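**Q** Pasting start.tsv below, which is TSV, C-alpha atoms.
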```tsv
chain	number	residue	atom	x	y	z
A	1371	LEU	CA	-52.16	37.43	-0.73
A	1372	LEU	CA	-48.78	37.44	1.00
A	1373	SER	CA	-48.21	41.01	-0.15
A	1374	SER	CA	-50.05	42.28	2.95
A	1375	VAL	CA	-47.46	40.77	5.33
A	1376	GLN	CA	-45.37	43.39	7.16
A	1377	PRO	CA	-42.50	44.16	7.61
A	1378	ALA	CA	-40.92	43.32	4.24
A	1379	ALA	CA	-38.36	40.95	5.81
A	1380	ALA	CA	-41.12	38.88	7.45
A	1381	ARG	CA	-42.86	38.77	4.07
A	1382	SER	CA	-39.69	37.61	2.26
A	1383	LEU	CA	-39.21	34.86	4.83
A	1384	MET	CA	-42.81	33.75	4.40
A	1385	ILE	CA	-42.47	33.63	0.62
A	1386	ALA	CA	-39.21	31.65	0.88
A	1387	GLY	CA	-40.71	29.32	3.51
A	1388	LEU	CA	-43.76	28.65	1.40
A	1389	ALA	CA	-41.59	27.79	-1.60
A	1390	CYS	CA	-39.48	25.36	0.49
A	1391	PHE	CA	-42.49	23.69	2.13
A	1392	ALA	CA	-44.18	23.28	-1.25
A	1393	ALA	CA	-41.07	21.84	-2.94
A	1394	ARG	CA	-39.76	19.48	-0.25
A	1395	GLY	CA	-42.29	19.44	2.57
A	1396	TYR	CA	-42.27	21.11	6.00
A	1397	HIS	CA	-40.16	18.49	7.79
A	1398	ALA	CA	-37.39	18.48	5.16
A	1399	THR	CA	-37.04	22.28	5.32
A	1400	THR	CA	-34.61	23.88	7.78
A	1401	THR	CA	-34.80	27.41	9.17
A	1402	ARG	CA	-31.48	27.95	7.43
A	1403	ASP	CA	-33.05	26.99	4.05
A	1404	ILE	CA	-35.73	29.61	4.59
A	1405	SER	CA	-33.41	32.39	5.76
A	1406	THR	CA	-30.88	31.89	2.99
A	1407	GLY	CA	-33.71	31.35	0.48
A	1408	SER	CA	-34.87	34.87	1.23
A	1409	GLY	CA	-31.36	36.22	0.82
A	1410	MET	CA	-30.75	36.73	4.54
A	1411	SER	CA	-28.27	35.38	7.07
A	1412	PRO	CA	-28.84	31.79	8.30
A	1413	ALA	CA	-30.45	32.84	11.60
A	1414	ALA	CA	-32.57	35.71	10.22
A	1415	LEU	CA	-35.80	33.73	10.59
A	1416	TYR	CA	-35.65	34.01	14.37
A	1417	VAL	CA	-35.84	37.80	14.23
A	1418	HIS	CA	-39.39	37.54	12.88
A	1419	TYR	CA	-40.66	34.08	13.85
A	1420	ALA	CA	-40.05	32.11	17.04
A	1421	SER	CA	-39.58	28.91	15.04
A	1422	LYS	CA	-40.18	27.17	11.73
A	1423	GLU	CA	-43.52	25.99	13.12
A	1424	GLU	CA	-44.48	29.59	13.93
A	1425	LEU	CA	-43.85	30.54	10.30
A	1426	LEU	CA	-46.00	27.63	9.06
A	1427	TYR	CA	-48.70	28.73	11.49
A	1428	HIS	CA	-48.67	32.27	10.06
A	1429	VAL	CA	-48.82	30.89	6.51
A	1430	SER	CA	-51.68	28.56	7.43
A	1431	ARG	CA	-53.62	31.24	9.32
A	1432	LEU	CA	-53.25	33.71	6.46
A	1433	ALA	CA	-54.54	31.12	3.97
A	1434	HIS	CA	-57.45	29.92	6.05
A	1435	ALA	CA	-58.52	33.42	7.08
A	1436	SER	CA	-58.47	34.52	3.46
A	1437	ALA	CA	-60.57	31.56	2.28
A	1438	LEU	CA	-63.04	31.99	5.16
A	1439	ASN	CA	-63.41	35.70	4.50
A	1440	LEU	CA	-64.00	35.07	0.83
A	1441	VAL	CA	-66.74	32.43	1.25
A	1442	GLU	CA	-68.47	34.50	3.94
A	1443	GLU	CA	-68.61	37.49	1.62
A	1444	ALA	CA	-69.69	35.36	-1.34
A	1445	ALA	CA	-72.51	33.74	0.61
A	1446	GLU	CA	-73.69	36.97	2.28
A	1447	GLY	CA	-74.83	38.63	-0.91
A	1448	GLU	CA	-77.07	35.73	-1.92
A	1449	PRO	CA	-80.52	35.34	-0.39
A	1450	ASP	CA	-81.46	31.87	-1.70
A	1451	PRO	CA	-79.65	28.54	-1.09
A	1452	ILE	CA	-78.93	27.88	-4.78
A	1453	GLY	CA	-77.30	31.29	-5.20
A	1454	ARG	CA	-75.35	30.84	-1.96
A	1455	VAL	CA	-73.94	27.43	-2.93
A	1456	ARG	CA	-73.09	28.71	-6.41
A	1457	ALA	CA	-71.28	31.80	-5.09
A	1458	TYR	CA	-69.56	29.78	-2.36
A	1459	MET	CA	-68.26	27.06	-4.66
A	1460	ARG	CA	-67.21	29.50	-7.36
A	1461	GLY	CA	-65.22	31.55	-4.83
A	1462	PHE	CA	-63.78	28.52	-2.99
A	1463	THR	CA	-62.62	26.93	-6.26
A	1464	VAL	CA	-61.14	30.11	-7.73
A	1465	TRP	CA	-59.29	30.67	-4.44
A	1466	HIS	CA	-57.73	27.19	-4.49
A	1467	ALA	CA	-56.76	27.56	-8.16
A	1468	GLN	CA	-55.30	31.05	-7.82
A	1469	HIS	CA	-53.42	30.29	-4.62
A	1470	HIS	CA	-52.66	26.63	-5.35
A	1471	THR	CA	-49.19	26.58	-3.77
A	1472	LEU	CA	-50.30	28.36	-0.62
A	1473	ALA	CA	-53.45	26.22	-0.46
A	1474	ARG	CA	-51.48	22.99	-0.88
A	1475	VAL	CA	-49.15	23.81	2.00
A	1476	ALA	CA	-52.03	25.05	4.19
A	1477	GLN	CA	-54.10	21.91	3.49
A	1478	TYR	CA	-51.40	19.24	3.60
A	1479	GLU	CA	-49.12	20.38	6.42
A	1480	LEU	CA	-51.78	20.82	9.12
A	1481	SER	CA	-50.41	17.90	11.12
A	1482	ALA	CA	-47.08	19.72	11.54
A	1483	LEU	CA	-48.69	22.49	13.62
A	1484	VAL	CA	-48.48	22.37	17.42
A	1485	PRO	CA	-51.84	21.58	19.08
A	1486	GLU	CA	-52.81	25.16	19.99
A	1487	HIS	CA	-52.09	26.42	16.47
A	1488	ARG	CA	-53.82	23.43	14.91
A	1489	ASP	CA	-56.89	24.13	17.07
A	1490	GLU	CA	-57.01	27.74	15.95
A	1491	VAL	CA	-56.80	26.75	12.28
A	1492	ALA	CA	-59.35	23.97	12.83
A	1493	LYS	CA	-61.75	26.59	14.19
A	1494	MET	CA	-61.43	28.61	10.97
A	1495	ARG	CA	-61.93	25.44	8.92
A	1496	ARG	CA	-65.09	24.62	10.85
A	1497	LYS	CA	-66.44	28.14	10.20
A	1498	THR	CA	-65.68	27.80	6.48
A	1499	GLU	CA	-67.48	24.46	6.43
A	1500	ALA	CA	-70.42	25.84	8.45
A	1501	VAL	CA	-71.17	28.51	5.84
A	1502	LEU	CA	-71.65	25.82	3.19
A	1503	ARG	CA	-73.47	23.42	5.50
A	1504	SER	CA	-75.95	26.10	6.49
A	1505	ALA	CA	-76.69	26.91	2.83
A	1506	ILE	CA	-77.21	23.19	2.15
A	1507	GLN	CA	-79.49	22.80	5.18
A	1508	ASP	CA	-81.59	25.78	4.05
A	1509	GLY	CA	-81.94	24.27	0.60
A	1510	VAL	CA	-82.94	20.90	2.03
A	1511	ARG	CA	-85.57	22.60	4.20
A	1512	SER	CA	-87.00	24.60	1.31
A	1513	GLY	CA	-87.00	21.50	-0.89
A	1514	VAL	CA	-84.59	22.68	-3.62
A	1515	PHE	CA	-81.81	20.23	-2.63
A	1516	SER	CA	-82.09	16.47	-2.35
A	1517	VAL	CA	-79.56	15.29	0.26
A	1518	SER	CA	-79.57	12.18	2.47
A	1519	ASP	CA	-76.55	13.10	4.62
A	1520	VAL	CA	-75.78	16.82	4.95
A	1521	ARG	CA	-72.43	16.28	6.67
A	1522	SER	CA	-71.04	13.96	3.99
A	1523	MET	CA	-72.44	16.16	1.23
A	1524	THR	CA	-70.79	19.26	2.68
A	1525	ARG	CA	-67.50	17.40	2.93
A	1526	ALA	CA	-67.76	16.08	-0.64
A	1527	ILE	CA	-68.33	19.54	-2.12
A	1528	LEU	CA	-65.48	21.06	-0.10
A	1529	SER	CA	-63.29	18.11	-1.08
A	1530	LEU	CA	-63.78	18.79	-4.78
A	1531	GLY	CA	-62.65	22.39	-4.23
A	1532	ILE	CA	-59.71	21.53	-1.96
A	1533	ASP	CA	-58.30	18.94	-4.37
A	1534	VAL	CA	-57.89	21.71	-6.95
A	1535	ALA	CA	-54.77	22.72	-4.98
A	1536	ARG	CA	-53.24	19.29	-5.68
A	1537	TRP	CA	-53.52	19.31	-9.47
A	1538	PHE	CA	-54.00	22.91	-10.61
A	1539	ARG	CA	-51.03	24.64	-12.23
A	1540	ASP	CA	-50.77	28.12	-13.73
A	1541	ASP	CA	-50.67	26.59	-17.23
A	1542	ALA	CA	-53.80	24.44	-16.68
A	1543	ASP	CA	-56.27	24.09	-19.56
A	1544	LEU	CA	-58.93	26.08	-17.68
A	1545	THR	CA	-58.61	29.48	-16.02
A	1546	PRO	CA	-59.44	29.68	-12.30
A	1547	THR	CA	-62.68	31.51	-13.19
A	1548	ALA	CA	-63.79	28.93	-15.78
A	1549	LEU	CA	-63.04	26.16	-13.29
A	1550	GLY	CA	-64.99	28.01	-10.59
A	1551	ASP	CA	-68.01	28.33	-12.87
A	1552	LEU	CA	-67.87	24.63	-13.77
A	1553	TYR	CA	-67.46	23.47	-10.18
A	1554	ALA	CA	-70.35	25.67	-9.04
A	1555	VAL	CA	-72.56	23.80	-11.52
A	1556	LEU	CA	-71.17	20.45	-10.34
A	1557	ALA	CA	-71.81	21.32	-6.67
A	1558	LEU	CA	-75.44	22.13	-7.49
A	1559	ARG	CA	-75.77	18.91	-9.49
A	1560	MET	CA	-74.39	16.97	-6.50
A	1561	LEU	CA	-77.17	18.56	-4.45
A	1562	GLY	CA	-79.75	17.29	-6.92
A	1563	VAL	CA	-80.36	20.60	-8.71
A	1564	THR	CA	-80.72	19.84	-12.38
A	1565	ASP	CA	-81.32	23.23	-13.97
A	1566	CYS	CA	-78.44	25.26	-12.66
A	1567	GLY	CA	-77.39	26.83	-16.00
B	555	LEU	CA	-52.00	-4.78	-0.36
B	556	LEU	CA	-48.35	-4.75	0.73
B	557	SER	CA	-48.68	-8.33	1.97
B	558	SER	CA	-47.86	-9.63	-1.52
B	559	VAL	CA	-44.38	-8.07	-1.50
B	560	GLN	CA	-41.57	-10.65	-1.36
B	561	PRO	CA	-39.19	-11.38	0.30
B	562	ALA	CA	-40.36	-10.53	3.82
B	563	ALA	CA	-37.45	-8.13	4.43
B	564	ALA	CA	-38.35	-6.08	1.33
B	565	ARG	CA	-41.93	-6.01	2.59
B	566	SER	CA	-40.90	-4.81	6.07
B	567	LEU	CA	-38.82	-2.06	4.52
B	568	MET	CA	-41.73	-0.98	2.33
B	569	ILE	CA	-44.10	-0.87	5.30
B	570	ALA	CA	-41.60	1.15	7.36
B	571	GLY	CA	-40.88	3.46	4.42
B	572	LEU	CA	-44.57	4.09	3.83
B	573	ALA	CA	-45.07	4.97	7.52
B	574	CYS	CA	-42.13	7.42	7.44
B	575	PHE	CA	-43.19	9.06	4.16
B	576	ALA	CA	-46.77	9.44	5.45
B	577	ALA	CA	-45.68	10.92	8.79
B	578	ARG	CA	-42.91	13.30	7.75
B	579	GLY	CA	-42.80	13.31	3.98
B	580	TYR	CA	-40.41	11.67	1.52
B	581	HIS	CA	-37.68	14.31	1.67
B	582	ALA	CA	-37.49	14.34	5.48
B	583	THR	CA	-37.07	10.55	5.62
B	584	THR	CA	-33.58	8.99	5.50
B	585	THR	CA	-32.73	5.46	4.37
B	586	ARG	CA	-31.51	4.94	7.94
B	587	ASP	CA	-34.99	5.87	9.31
B	588	ILE	CA	-36.53	3.24	7.06
B	589	SER	CA	-34.00	0.49	7.84
B	590	THR	CA	-34.09	0.99	11.59
B	591	GLY	CA	-37.88	1.50	11.46
B	592	SER	CA	-38.17	-2.04	10.11
B	593	GLY	CA	-35.89	-3.34	12.85
B	594	MET	CA	-32.87	-3.83	10.58
B	595	SER	CA	-29.36	-2.44	10.45
B	596	PRO	CA	-28.94	1.14	9.15
B	597	ALA	CA	-27.81	0.08	5.66
B	598	ALA	CA	-30.29	-2.81	5.21
B	599	LEU	CA	-32.40	-0.87	2.71
B	600	TYR	CA	-29.67	-1.12	0.06
B	601	VAL	CA	-29.85	-4.92	0.04
B	602	HIS	CA	-33.37	-4.70	-1.43
B	603	TYR	CA	-33.66	-1.25	-3.01
B	604	ALA	CA	-31.03	0.74	-4.91
B	605	SER	CA	-32.12	3.94	-3.17
B	606	LYS	CA	-34.87	5.65	-1.17
B	607	GLU	CA	-36.33	6.79	-4.49
B	608	GLU	CA	-36.43	3.20	-5.73
B	609	LEU	CA	-38.46	2.24	-2.65
B	610	LEU	CA	-40.90	5.11	-3.26
B	611	TYR	CA	-41.18	3.99	-6.88
B	612	HIS	CA	-42.09	0.45	-5.80
B	613	VAL	CA	-44.68	1.81	-3.33
B	614	SER	CA	-46.14	4.11	-5.98
B	615	ARG	CA	-46.21	1.42	-8.67
B	616	LEU	CA	-47.88	-1.06	-6.34
B	617	ALA	CA	-50.55	1.50	-5.42
B	618	HIS	CA	-51.23	2.69	-8.95
B	619	ALA	CA	-51.27	-0.83	-10.42
B	620	SER	CA	-53.72	-1.94	-7.75
B	621	ALA	CA	-56.08	0.99	-8.36
B	622	LEU	CA	-55.87	0.54	-12.15
B	623	ASN	CA	-56.55	-3.17	-11.90
B	624	LEU	CA	-59.53	-2.57	-9.65
B	625	VAL	CA	-61.24	0.03	-11.86
B	626	GLU	CA	-60.62	-2.03	-15.00
B	627	GLU	CA	-62.29	-5.05	-13.39
B	628	ALA	CA	-65.13	-2.94	-11.99
B	629	ALA	CA	-65.87	-1.35	-15.37
B	630	GLU	CA	-65.51	-4.58	-17.38
B	631	GLY	CA	-68.53	-6.26	-15.82
B	632	GLU	CA	-70.88	-3.39	-16.66
B	633	PRO	CA	-72.30	-3.03	-20.16
B	634	ASP	CA	-73.95	0.41	-19.87
B	635	PRO	CA	-72.26	3.76	-19.08
B	636	ILE	CA	-74.29	4.42	-15.91
B	637	GLY	CA	-73.35	1.03	-14.46
B	638	ARG	CA	-69.72	1.51	-15.46
B	639	VAL	CA	-69.40	4.93	-13.83
B	640	ARG	CA	-71.17	3.65	-10.72
B	641	ALA	CA	-68.91	0.59	-10.40
B	642	TYR	CA	-65.81	2.63	-11.21
B	643	MET	CA	-66.49	5.36	-8.66
B	644	ARG	CA	-67.56	2.93	-5.97
B	645	GLY	CA	-64.35	0.91	-6.41
B	646	PHE	CA	-62.09	3.95	-6.77
B	647	THR	CA	-63.51	5.55	-3.62
B	648	VAL	CA	-63.42	2.38	-1.52
B	649	TRP	CA	-59.80	1.84	-2.63
B	650	HIS	CA	-58.75	5.35	-1.52
B	651	ALA	CA	-60.57	4.98	1.82
B	652	GLN	CA	-59.24	1.50	2.59
B	653	HIS	CA	-55.67	2.30	1.56
B	654	HIS	CA	-55.68	5.97	2.58
B	655	THR	CA	-52.08	6.07	3.83
B	656	LEU	CA	-50.69	4.29	0.78
B	657	ALA	CA	-52.89	6.40	-1.50
B	658	ARG	CA	-51.79	9.64	0.16
B	659	VAL	CA	-48.11	8.86	-0.34
B	660	ALA	CA	-48.68	7.60	-3.89
B	661	GLN	CA	-50.70	10.71	-4.82
B	662	TYR	CA	-48.70	13.42	-3.05
B	663	GLU	CA	-45.09	12.31	-3.52
B	664	LEU	CA	-45.16	11.87	-7.30
B	665	SER	CA	-42.82	14.81	-7.82
B	666	ALA	CA	-40.09	13.02	-5.82
B	667	LEU	CA	-39.79	10.24	-8.44
B	668	VAL	CA	-37.02	10.40	-11.05
B	669	PRO	CA	-38.31	11.16	-14.57
B	670	GLU	CA	-38.33	7.55	-15.88
B	671	HIS	CA	-40.22	6.29	-12.82
B	672	ARG	CA	-42.59	9.24	-12.90
B	673	ASP	CA	-43.31	8.52	-16.57
B	674	GLU	CA	-44.15	4.90	-15.83
B	675	VAL	CA	-46.52	5.88	-13.03
B	676	ALA	CA	-48.02	8.64	-15.19
B	677	LYS	CA	-48.78	5.98	-17.82
B	678	MET	CA	-50.77	3.97	-15.25
B	679	ARG	CA	-52.58	7.11	-14.14
B	680	ARG	CA	-53.53	7.91	-17.72
B	681	LYS	CA	-54.92	4.38	-18.15
B	682	THR	CA	-56.94	4.70	-14.94
B	683	GLU	CA	-58.31	8.01	-16.17
B	684	ALA	CA	-59.03	6.60	-19.66
B	685	VAL	CA	-61.34	3.91	-18.27
B	686	LEU	CA	-63.55	6.59	-16.69
B	687	ARG	CA	-63.31	8.98	-19.62
B	688	SER	CA	-64.40	6.26	-22.02
B	689	ALA	CA	-67.44	5.44	-19.87
B	690	ILE	CA	-68.33	9.15	-19.78
B	691	GLN	CA	-67.90	9.52	-23.54
B	692	ASP	CA	-70.16	6.52	-24.15
B	693	GLY	CA	-72.81	8.01	-21.88
B	694	VAL	CA	-72.59	11.37	-23.64
B	695	ARG	CA	-72.98	9.65	-27.03
B	696	SER	CA	-75.98	7.62	-25.89
B	697	GLY	CA	-77.53	10.72	-24.33
B	698	VAL	CA	-77.66	9.56	-20.69
B	699	PHE	CA	-75.00	12.03	-19.49
B	700	SER	CA	-75.06	15.78	-19.92
B	701	VAL	CA	-71.46	17.01	-20.07
B	702	SER	CA	-69.97	20.14	-21.68
B	703	ASP	CA	-66.29	19.27	-21.17
B	704	VAL	CA	-65.44	15.54	-20.87
B	705	ARG	CA	-61.85	16.12	-19.80
B	706	SER	CA	-62.71	18.46	-16.92
B	707	MET	CA	-65.61	16.24	-15.86
B	708	THR	CA	-63.37	13.15	-15.75
B	709	ARG	CA	-60.83	15.07	-13.68
B	710	ALA	CA	-63.50	16.36	-11.28
B	711	ILE	CA	-64.90	12.89	-10.59
B	712	LEU	CA	-61.41	11.42	-10.07
B	713	SER	CA	-60.55	14.39	-7.87
B	714	LEU	CA	-63.45	13.69	-5.52
B	715	GLY	CA	-62.20	10.11	-5.12
B	716	ILE	CA	-58.51	11.01	-4.75
B	717	ASP	CA	-59.19	13.61	-2.04
B	718	VAL	CA	-60.63	10.81	0.13
B	719	ALA	CA	-57.00	9.85	0.86
B	720	ARG	CA	-56.44	13.29	2.42
B	721	TRP	CA	-59.25	13.26	4.97
B	722	PHE	CA	-60.32	9.64	5.47
B	723	ARG	CA	-59.26	7.93	8.70
B	724	ASP	CA	-60.08	4.45	9.97
B	725	ASP	CA	-62.43	5.95	12.57
B	726	ALA	CA	-64.35	8.08	10.01
B	727	ASP	CA	-68.12	8.38	10.39
B	728	LEU	CA	-68.72	6.38	7.18
B	729	THR	CA	-67.30	2.99	6.22
B	730	PRO	CA	-65.34	2.79	2.95
B	731	THR	CA	-68.29	0.93	1.39
B	732	ALA	CA	-70.90	3.48	2.49
B	733	LEU	CA	-68.67	6.27	1.19
B	734	GLY	CA	-68.21	4.40	-2.10
B	735	ASP	CA	-71.97	4.04	-2.54
B	736	LEU	CA	-72.53	7.74	-1.79
B	737	TYR	CA	-69.76	8.92	-4.13
B	738	ALA	CA	-71.06	6.69	-6.93
B	739	VAL	CA	-74.40	8.53	-6.66
B	740	LEU	CA	-72.61	11.90	-6.58
B	741	ALA	CA	-70.54	11.04	-9.68
B	742	LEU	CA	-73.71	10.19	-11.57
B	743	ARG	CA	-75.38	13.39	-10.37
B	744	MET	CA	-72.34	15.36	-11.60
B	745	LEU	CA	-72.92	13.75	-14.99
B	746	GLY	CA	-76.51	14.98	-14.98
B	747	VAL	CA	-78.14	11.65	-14.10
B	748	THR	CA	-80.93	12.39	-11.68
B	749	ASP	CA	-82.44	8.96	-10.92
B	750	CYS	CA	-79.42	6.97	-9.91
B	751	GLY	CA	-80.97	5.25	-6.88
```
For this file, write the structure as structure tokens.

**A**
Amino acid sequence: LLSSVQPAAARSLMIAGLACFAARGYHATTTRDISTGSGMSPAALYVHYASKEELLYHVSRLAHASALNLVEEAAEGEPDPIGRVRAYMRGFTVWHAQHHTLARVAQYELSALVPEHRDEVAKMRRKTEAVLRSAIQDGVRSGVFSVSDVRSMTRAILSLGIDVARWFRDDADLTPTALGDLYAVLALRMLGVTDCG
Amino acid sequence: LLSSVQPAAARSLMIAGLACFAARGYHATTTRDISTGSGMSPAALYVHYASKEELLYHVSRLAHASALNLVEEAAEGEPDPIGRVRAYMRGFTVWHAQHHTLARVAQYELSALVPEHRDEVAKMRRKTEAVLRSAIQDGVRSGVFSVSDVRSMTRAILSLGIDVARWFRDDADLTPTALGDLYAVLALRMLGVTDCG
């Protein structure tokens, strides 16, 4: 995912920053850690990013834009609510498993962003949530889902996917795809669909 | 939960440490931050804890022991698997909502513990997990649950509860109890139980 970042030096800094944030947290990481971690001089970060926060913002935006894009595409191809929720949850789960380090930093370091950056990321998060909520609402209307509180249900299903970033590791007992298939079934069961094969 | 910690100075340090870890992360917090945050002299922490890690270990042990104790008691009173999963998930969810700051630190800073402390906490986590897994296995055997992979199902249900610590705030739109009731229903739906009222 980070391979699209240009120029190469900005990409190296992002990769090093992500590794530092994931290992020790945003606040315990210095700009010097990031610059030297990418094999550059201590102040190299400032050539490409105005600050450490600016780098986190780029990491977070990249992650959230990628997840949003993926769930929009997954949902678009599916005409009925069951198919949309299944495709959404499969994609959302696979994304969090495949990009677990990036996802963990993007999900857990939101409070470190300055207000304007946090607002921009929050907007992307709301769009991501809206795609699922709209599929759930359609299914409630057509009678295929049984849901008492659409907002809480949407949050619960997203929550199951997001938490994958906390525990998933590359040597996990399930592949991202197998986990995505399982969680798509679980999301449909949560919605009261019993035959979701 | 922290009110049981004695003496009072050790309790103040734990409360201040928890606030620092939650706000900026374990690695960005100094022992001086914690001591002065509790209104004591810079080196006061060392009177009660051998190190910052030792304080985190006490916080983590307190949290995990409390959660384990709660789910064991919740499950004990219920003879059938459906009742056990319901009581477990209700208690587990309420615990993570009520103690969301403590839970967040205990769940997300595990990697900062030294190996022997991490092992001890991991043992408590495995016990907590085993109580749920055993209820699920019983329900699979008696035919009330429909589960293809008990391990992944146990992890998914726990995951839904643990992620509450990430997003829950005291001004959330649901009370901890209402959330616990909802998530108990969702856990049973995930297990293929359709009439869980």

**Q** Which residues of chain A come within 10 Å of chain B, and what is each one's closest atom pair and distance in Å (one decimal), counting only C-alpha atoms, sorted by chain and residue number, as CSV?

**A**
```
residue,atom,partner,partner_atom,distance
A:Ala1393,CA,B:Ser665,CA,8.7
A:Arg1394,CA,B:His581,CA,5.9
A:Gly1395,CA,B:Gly579,CA,6.3
A:Tyr1396,CA,B:Arg578,CA,8.0
A:His1397,CA,B:Ala582,CA,5.4
A:Ala1398,CA,B:Ala582,CA,4.2
A:Thr1399,CA,B:Ala582,CA,8.0
A:Gln1477,CA,B:Arg720,CA,9.0
A:Tyr1478,CA,B:Arg720,CA,7.9
A:Glu1479,CA,B:Arg578,CA,9.5
A:Ser1481,CA,B:Ala577,CA,8.7
A:Ala1482,CA,B:Arg578,CA,8.5
A:Ser1518,CA,B:Leu736,CA,9.4
A:Asp1519,CA,B:Leu736,CA,9.3
A:Arg1521,CA,B:Asp727,CA,9.7
A:Ser1522,CA,B:Leu733,CA,8.5
A:Met1523,CA,B:Leu740,CA,8.9
A:Arg1525,CA,B:Trp721,CA,9.5
A:Ala1526,CA,B:Leu714,CA,6.9
A:Ile1527,CA,B:Leu714,CA,8.3
A:Leu1528,CA,B:Leu714,CA,9.4
A:Ser1529,CA,B:Asp717,CA,6.2
A:Leu1530,CA,B:Leu714,CA,5.2
A:Gly1531,CA,B:Leu714,CA,8.8
A:Ile1532,CA,B:Asp717,CA,7.9
A:Asp1533,CA,B:Asp717,CA,5.9
A:Val1534,CA,B:Ser713,CA,7.8
A:Arg1536,CA,B:Tyr662,CA,7.9
A:Trp1537,CA,B:Ser713,CA,8.7
A:Asp1543,CA,B:Ser706,CA,9.0
A:Leu1544,CA,B:Ser706,CA,8.5
A:Leu1549,CA,B:Ser706,CA,8.5
A:Leu1552,CA,B:Ser706,CA,8.6
A:Tyr1553,CA,B:Ala710,CA,8.2
A:Val1555,CA,B:Met744,CA,8.4
A:Leu1556,CA,B:Met744,CA,5.4
A:Ala1557,CA,B:Met744,CA,7.8
A:Leu1558,CA,B:Met744,CA,8.5
A:Arg1559,CA,B:Met744,CA,5.4
A:Met1560,CA,B:Arg743,CA,5.4
A:Leu1561,CA,B:Arg743,CA,8.1
A:Gly1562,CA,B:Arg743,CA,6.8
A:Val1563,CA,B:Thr748,CA,8.7
A:Thr1564,CA,B:Gly746,CA,6.9
A:Asp1565,CA,B:Gly746,CA,9.6
```

**Q** Quick one: write out the picked residues with C-alpha atoms as an mmCIF file, in the frame of the given file?

**A**
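Result went into out_20.cif, see below:
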```cif
data_model
loop_
_atom_site.group_PDB
_atom_site.id
_atom_site.type_symbol
_atom_site.label_atom_id
_atom_site.label_comp_id
_atom_site.auth_asym_id
_atom_site.auth_seq_id
_atom_site.Cartn_x
_atom_site.Cartn_y
_atom_site.Cartn_z
ATOM 1 C CA ALA A 1393 -41.070 21.840 -2.940
ATOM 2 C CA ARG A 1394 -39.760 19.480 -0.250
ATOM 3 C CA GLY A 1395 -42.290 19.440 2.570
ATOM 4 C CA TYR A 1396 -42.270 21.110 6.000
ATOM 5 C CA HIS A 1397 -40.160 18.490 7.790
ATOM 6 C CA ALA A 1398 -37.390 18.480 5.160
ATOM 7 C CA THR A 1399 -37.040 22.280 5.320
ATOM 8 C CA GLN A 1477 -54.100 21.910 3.490
ATOM 9 C CA TYR A 1478 -51.400 19.240 3.600
ATOM 10 C CA GLU A 1479 -49.120 20.380 6.420
ATOM 11 C CA SER A 1481 -50.410 17.900 11.120
ATOM 12 C CA ALA A 1482 -47.080 19.720 11.540
ATOM 13 C CA SER A 1518 -79.570 12.180 2.470
ATOM 14 C CA ASP A 1519 -76.550 13.100 4.620
ATOM 15 C CA ARG A 1521 -72.430 16.280 6.670
ATOM 16 C CA SER A 1522 -71.040 13.960 3.990
ATOM 17 C CA MET A 1523 -72.440 16.160 1.230
ATOM 18 C CA ARG A 1525 -67.500 17.400 2.930
ATOM 19 C CA ALA A 1526 -67.760 16.080 -0.640
ATOM 20 C CA ILE A 1527 -68.330 19.540 -2.120
ATOM 21 C CA LEU A 1528 -65.480 21.060 -0.100
ATOM 22 C CA SER A 1529 -63.290 18.110 -1.080
ATOM 23 C CA LEU A 1530 -63.780 18.790 -4.780
ATOM 24 C CA GLY A 1531 -62.650 22.390 -4.230
ATOM 25 C CA ILE A 1532 -59.710 21.530 -1.960
ATOM 26 C CA ASP A 1533 -58.300 18.940 -4.370
ATOM 27 C CA VAL A 1534 -57.890 21.710 -6.950
ATOM 28 C CA ARG A 1536 -53.240 19.290 -5.680
ATOM 29 C CA TRP A 1537 -53.520 19.310 -9.470
ATOM 30 C CA ASP A 1543 -56.270 24.090 -19.560
ATOM 31 C CA LEU A 1544 -58.930 26.080 -17.680
ATOM 32 C CA LEU A 1549 -63.040 26.160 -13.290
ATOM 33 C CA LEU A 1552 -67.870 24.630 -13.770
ATOM 34 C CA TYR A 1553 -67.460 23.470 -10.180
ATOM 35 C CA VAL A 1555 -72.560 23.800 -11.520
ATOM 36 C CA LEU A 1556 -71.170 20.450 -10.340
ATOM 37 C CA ALA A 1557 -71.810 21.320 -6.670
ATOM 38 C CA LEU A 1558 -75.440 22.130 -7.490
ATOM 39 C CA ARG A 1559 -75.770 18.910 -9.490
ATOM 40 C CA MET A 1560 -74.390 16.970 -6.500
ATOM 41 C CA LEU A 1561 -77.170 18.560 -4.450
ATOM 42 C CA GLY A 1562 -79.750 17.290 -6.920
ATOM 43 C CA VAL A 1563 -80.360 20.600 -8.710
ATOM 44 C CA THR A 1564 -80.720 19.840 -12.380
ATOM 45 C CA ASP A 1565 -81.320 23.230 -13.970
#
```

**Q** Ranking B:Asp634, B:Glu607, B:Asp735, B:Glu674 by minimum distance to B:Asp692 and counting all atoms listed in the file, which one comes first?

**A** B:Asp634

**Q** Quick one: pull the distance between atom CA of A:Gly1513 and atom CA of A:Leu1438, Å, one decimal.

**A**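 Atom CA of A:Gly1513 sits 26.8 Å away from atom CA of A:Leu1438.
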
**Q** Write out as a PyMOL selection string each polymer residue whose atoms come within 8 Å of B:Ile588, counting only C-alpha atoms; drop sequence neighbours fewer than 5 positions from it.

**A** chain B and resi 567+570-571+574+583+599

**Q** Expressed in Å to a single decimal, how great is the separation between atom CA of A:His1466 and atom CA of A:Ala1535?

**A**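 Taking atom CA of A:His1466 and atom CA of A:Ala1535, their separation equals 5.4 Å.
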